[in-house]
Amino acid sequence: MARQTRTPAKAEAKPAKTSAARRRTAKAAAPDAPALPDSKATAPRDMTQPEIVQFLSDLEHAWPDAETELHYTTPFTLLIAVVLSAQATDASVNRVTPALFAAAPTPAAMVKLGVEEVSELIRTIGLWRNKAKNVVELSRQLLEHHQGEVPDTRDALEALAGVGRKTANVVLSVAFHQPTVPVDTHVFRLANRTGLGRGKTVEAVEAALEKRIPTEMIRDSHHWLILQGRYVCKARKPECWRCAASEPCLYPVKTDRPVIKPPRQTPG
Ligand code: SF4
């Protein structure tokens, strides 16, 4: 007798989530997490090492002076600026930090300033209530555990209020020149689109990039990728026709220069 294999009835099966629904669920669970890659817009394979070097060299030519666009003068002011930049533009953070850093350039001064005063100074950026609490609390933690200095290890940074993995990586890379690749929404998108280092989670992309990018390019690549993602390889529609790294990029649906229609002639 033929062995019967049991296929679960459709009614019993949990309805499969659409990729859009999966992306919405992931976003709700972790509001800071970049959207999951869309399979249609993901490179079909990882770049080879020569392709990686070519791609990053092309980006270096496109963004020769790439640095963080946040304004800071010390590891402490960098840390505060990066904490404030979660879900806010660098430009909006740069508008509030001159007054904030003038009033509180050190952890001790920030604690003395207090949550209410900090709130007043950062009120124009998103999530200012929580950020004000975090900025004061992390300053207190720096005084209590680190003699008022910003620590240079990921674990110690991530133990501070309001500091997640990405913020810790930015501080390690920018302030302490460590070979990390902070993965924000731009880096995540570019890594998957281009084949530089594909992955379904921030951690997977971070591990892929740190393994694949040559050590001498790793620190600057973070800035090249962010500027490229912000101004050329945009989320909704990348501007491939004007991209300096189009040749080694493996994005399968590159965009053409938009056709500008001539104005309609009105009958005279
Ligand atoms: S803009 Fe286009 S060609 Fe350039 S990196 Fe992005 S997807 Fe690739």
# chains A, B, ... in the order shown; residues from 1 in each chain; ligands from 1
$ residues_near_ligand --ligand "ligand 1" --cutoff "10 Å" --atoms "only C-alpha atoms and all ligand atoms" --output "number ranges by chain"
A: 41-43, 55, 58-59, 189-196, 225, 228-229, 231-235, 237-256
$ write_last_selection --atoms "N, CA and C atoms" --output "compact mmCIF listing (two decimals), in the first residue's frame"
# COMPACT_ATOMS: atom_id res chain seq x y z
N ALA A 41 14.71 43.97 -5.62
CA ALA A 41 15.68 45.07 -5.70
C ALA A 41 16.99 44.70 -5.05
N THR A 42 17.23 43.41 -4.90
CA THR A 42 18.47 42.94 -4.26
C THR A 42 19.39 42.34 -5.31
N ALA A 43 20.66 42.57 -5.17
CA ALA A 43 21.62 42.01 -6.13
C ALA A 43 21.49 40.48 -6.15
N PHE A 55 34.10 49.11 -6.81
CA PHE A 55 32.91 49.84 -6.36
C PHE A 55 33.28 50.90 -5.32
N ASP A 58 35.33 53.72 -6.80
CA ASP A 58 34.45 54.65 -7.53
C ASP A 58 33.74 55.59 -6.55
N LEU A 59 33.28 55.03 -5.42
CA LEU A 59 32.61 55.89 -4.43
C LEU A 59 33.59 56.89 -3.82
N ARG A 189 20.49 49.37 2.75
CA ARG A 189 19.90 49.32 1.40
C ARG A 189 20.98 49.12 0.34
N LEU A 190 22.03 49.90 0.42
CA LEU A 190 23.10 49.82 -0.59
C LEU A 190 23.79 48.46 -0.59
N ALA A 191 24.04 47.94 0.59
CA ALA A 191 24.74 46.65 0.68
C ALA A 191 23.95 45.56 -0.02
N ASN A 192 22.62 45.59 0.15
CA ASN A 192 21.78 44.58 -0.49
C ASN A 192 21.56 44.86 -1.97
N ARG A 193 21.33 46.12 -2.31
CA ARG A 193 21.08 46.46 -3.71
C ARG A 193 22.27 46.14 -4.60
N THR A 194 23.43 46.47 -4.12
CA THR A 194 24.62 46.43 -4.98
C THR A 194 25.35 45.09 -4.94
N GLY A 195 25.10 44.29 -3.89
CA GLY A 195 25.84 43.03 -3.73
C GLY A 195 27.12 43.22 -2.93
N LEU A 196 27.27 44.39 -2.32
CA LEU A 196 28.48 44.63 -1.52
C LEU A 196 28.54 43.69 -0.31
N LEU A 225 29.28 55.27 1.71
CA LEU A 225 27.99 54.60 1.51
C LEU A 225 26.82 55.47 1.97
N GLN A 228 26.37 58.30 -0.58
CA GLN A 228 25.83 57.71 -1.80
C GLN A 228 24.34 57.40 -1.63
N GLY A 229 23.99 56.82 -0.48
CA GLY A 229 22.60 56.46 -0.22
C GLY A 229 21.72 57.68 -0.04
N TYR A 231 22.20 60.78 -1.31
CA TYR A 231 22.07 61.72 -2.43
C TYR A 231 21.95 61.08 -3.81
N VAL A 232 22.35 59.82 -3.99
CA VAL A 232 22.30 59.21 -5.33
C VAL A 232 21.50 57.90 -5.33
N CYS A 233 21.89 56.97 -4.50
CA CYS A 233 21.23 55.66 -4.47
C CYS A 233 20.07 55.75 -3.49
N LYS A 234 19.08 56.57 -3.85
CA LYS A 234 18.01 56.92 -2.91
C LYS A 234 17.04 55.75 -2.73
N ALA A 235 16.31 55.79 -1.60
CA ALA A 235 15.47 54.64 -1.24
C ALA A 235 14.42 54.36 -2.30
N LYS A 237 13.93 55.58 -5.49
CA LYS A 237 14.42 55.38 -6.86
C LYS A 237 15.87 55.79 -6.95
N PRO A 238 16.77 54.82 -7.10
CA PRO A 238 18.18 55.20 -7.22
C PRO A 238 18.42 55.94 -8.53
N GLU A 239 19.36 56.86 -8.52
CA GLU A 239 19.64 57.65 -9.73
C GLU A 239 20.88 57.06 -10.41
N CYS A 240 20.67 55.87 -10.96
CA CYS A 240 21.78 55.08 -11.53
C CYS A 240 22.44 55.80 -12.71
N TRP A 241 21.68 56.59 -13.45
CA TRP A 241 22.24 57.23 -14.65
C TRP A 241 23.34 58.22 -14.30
N ARG A 242 23.38 58.67 -13.05
CA ARG A 242 24.44 59.62 -12.68
C ARG A 242 25.33 59.06 -11.56
N CYS A 243 25.34 57.73 -11.44
CA CYS A 243 26.08 57.08 -10.36
C CYS A 243 27.51 56.76 -10.81
N ALA A 244 28.46 57.16 -10.02
CA ALA A 244 29.88 56.92 -10.36
C ALA A 244 30.27 55.46 -10.24
N ALA A 245 29.48 54.68 -9.50
CA ALA A 245 29.84 53.27 -9.25
C ALA A 245 28.88 52.32 -9.97
N SER A 246 28.30 52.78 -11.05
CA SER A 246 27.29 51.98 -11.74
C SER A 246 27.86 50.69 -12.32
N GLU A 247 29.10 50.75 -12.80
CA GLU A 247 29.65 49.57 -13.50
C GLU A 247 29.79 48.33 -12.60
N PRO A 248 30.47 48.44 -11.46
CA PRO A 248 30.57 47.24 -10.62
C PRO A 248 29.30 46.91 -9.84
N CYS A 249 28.35 47.86 -9.76
CA CYS A 249 27.13 47.61 -8.99
C CYS A 249 26.29 46.52 -9.66
N LEU A 250 25.73 45.62 -8.85
CA LEU A 250 24.98 44.48 -9.39
C LEU A 250 23.46 44.66 -9.28
N TYR A 251 23.02 45.85 -8.99
CA TYR A 251 21.57 46.11 -8.90
C TYR A 251 20.91 45.71 -10.22
N PRO A 252 19.89 44.86 -10.16
CA PRO A 252 19.39 44.30 -11.42
C PRO A 252 18.49 45.22 -12.24
N VAL A 253 17.98 46.30 -11.65
CA VAL A 253 17.04 47.14 -12.42
C VAL A 253 17.50 48.59 -12.38
N LYS A 254 18.66 48.85 -12.97
CA LYS A 254 19.22 50.20 -12.92
C LYS A 254 18.32 51.20 -13.65
N THR A 255 18.29 52.41 -13.16
CA THR A 255 17.37 53.41 -13.72
C THR A 255 18.06 54.25 -14.79
N ASP A 256 17.27 54.65 -15.78
CA ASP A 256 17.78 55.52 -16.85
C ASP A 256 17.50 56.98 -16.51
$ residues_around --residues "range 133-144 of chain A" --least-positions-apart "5" --cutoff "7 Å" --atoms "only C-alpha atoms" --output "ChimeraX atom specification"
/A:80,107-108,110-111,114-115,149-150,160-162
$ select_by_dssp --residues "range 54-117 of chain A" --states "helix (DSSP H, G or I)" --output "MDAnalysis selection string"
chainID A and resid 54:62 75:84 90:103 107:117
$ residues_around --residues "Val170 in chain A" --least-positions-apart "5" --cutoff "8 Å" --atoms "only C-alpha atoms" --output "number ranges by chain"
A: 82, 175, 180-182
$ write_last_selection --atoms "C-alpha atoms" --output "tab-separated table (two decimals), in the first residue's frame"
chain	number	residue	atom	x	y	z
A	82	VAL	CA	24.69	60.58	17.13
A	175	ALA	CA	36.04	58.93	17.29
A	180	THR	CA	33.55	48.91	12.14
A	181	VAL	CA	30.77	49.58	9.66
A	182	PRO	CA	27.75	51.20	11.28
$ closest_residue --among "A:Val118, A:Val205, A:Leu227, A:Ile260" --to "Asp46 in chain A" --atoms "only C-alpha atoms"
A:Val205
$ closest_residue --among "A:Ala156, A:Ala103, A:Ala132, A:Val183" --to "Arg198 in chain A" --atoms "only C-alpha atoms"
A:Val183
$ closest_residue --among "A:Val53, A:Val202, A:Leu121, A:Ala159" --to "His186 in chain A" --atoms "only C-alpha atoms"
A:Val202
$ closest_residue --among "A:Thr185, A:Ser85, A:Arg154, A:Phe76" --to "Ala104 in chain A" --atoms "only C-alpha atoms"
A:Phe76
$ atom_distance --atom1 "CA of Pro105 in chain A" --atom2 "CA of His222 in chain A"
26.5 Å
$ residues_around --residues "Ser92 in chain A" --least-positions-apart "4" --cutoff "8 Å" --atoms "only C-alpha atoms" --output "ChimeraX atom specification"
/A:88,96,124-125
$ closest_residue --among "A:Asn94, A:Thr68, A:Thr201, A:Thr74" --to "Trp224 in chain A" --atoms "only C-alpha atoms"
A:Thr68
$ atom_distance --atom1 "CA of Ala86 in chain A" --atom2 "CA of Ser57 in chain A"
28.7 Å
$ atom_distance --atom1 "CA of Thr97 in chain A" --atom2 "CA of Thr73 in chain A"
11.0 Å
$ residues_around --residues "Gln49 in chain A" --least-positions-apart "5" --cutoff "9 Å" --atoms "only C-alpha atoms" --output "list in words"
Gln54, Arg212, Ile213 and Pro214 of chain A
$ write_last_selection --atoms "N, CA and C atoms" --output "PDB file, in the first residue's frame"
ATOM      1  N   GLN A  54      36.649  47.900  -6.795  1.00  0.00           N
ATOM      2  CA  GLN A  54      36.276  48.855  -7.850  1.00  0.00           C
ATOM      3  C   GLN A  54      35.115  49.733  -7.387  1.00  0.00           C
ATOM      4  N   ARG A 212      34.060  41.526   4.249  1.00  0.00           N
ATOM      5  CA  ARG A 212      34.354  41.621   2.818  1.00  0.00           C
ATOM      6  C   ARG A 212      35.121  42.876   2.421  1.00  0.00           C
ATOM      7  N   ILE A 213      34.912  43.979   3.151  1.00  0.00           N
ATOM      8  CA  ILE A 213      35.568  45.235   2.744  1.00  0.00           C
ATOM      9  C   ILE A 213      37.039  45.208   3.184  1.00  0.00           C
ATOM     10  N   PRO A 214      37.970  45.546   2.276  1.00  0.00           N
ATOM     11  CA  PRO A 214      39.388  45.562   2.673  1.00  0.00           C
ATOM     12  C   PRO A 214      39.611  46.503   3.861  1.00  0.00           C
TER      13      PRO A 214
END
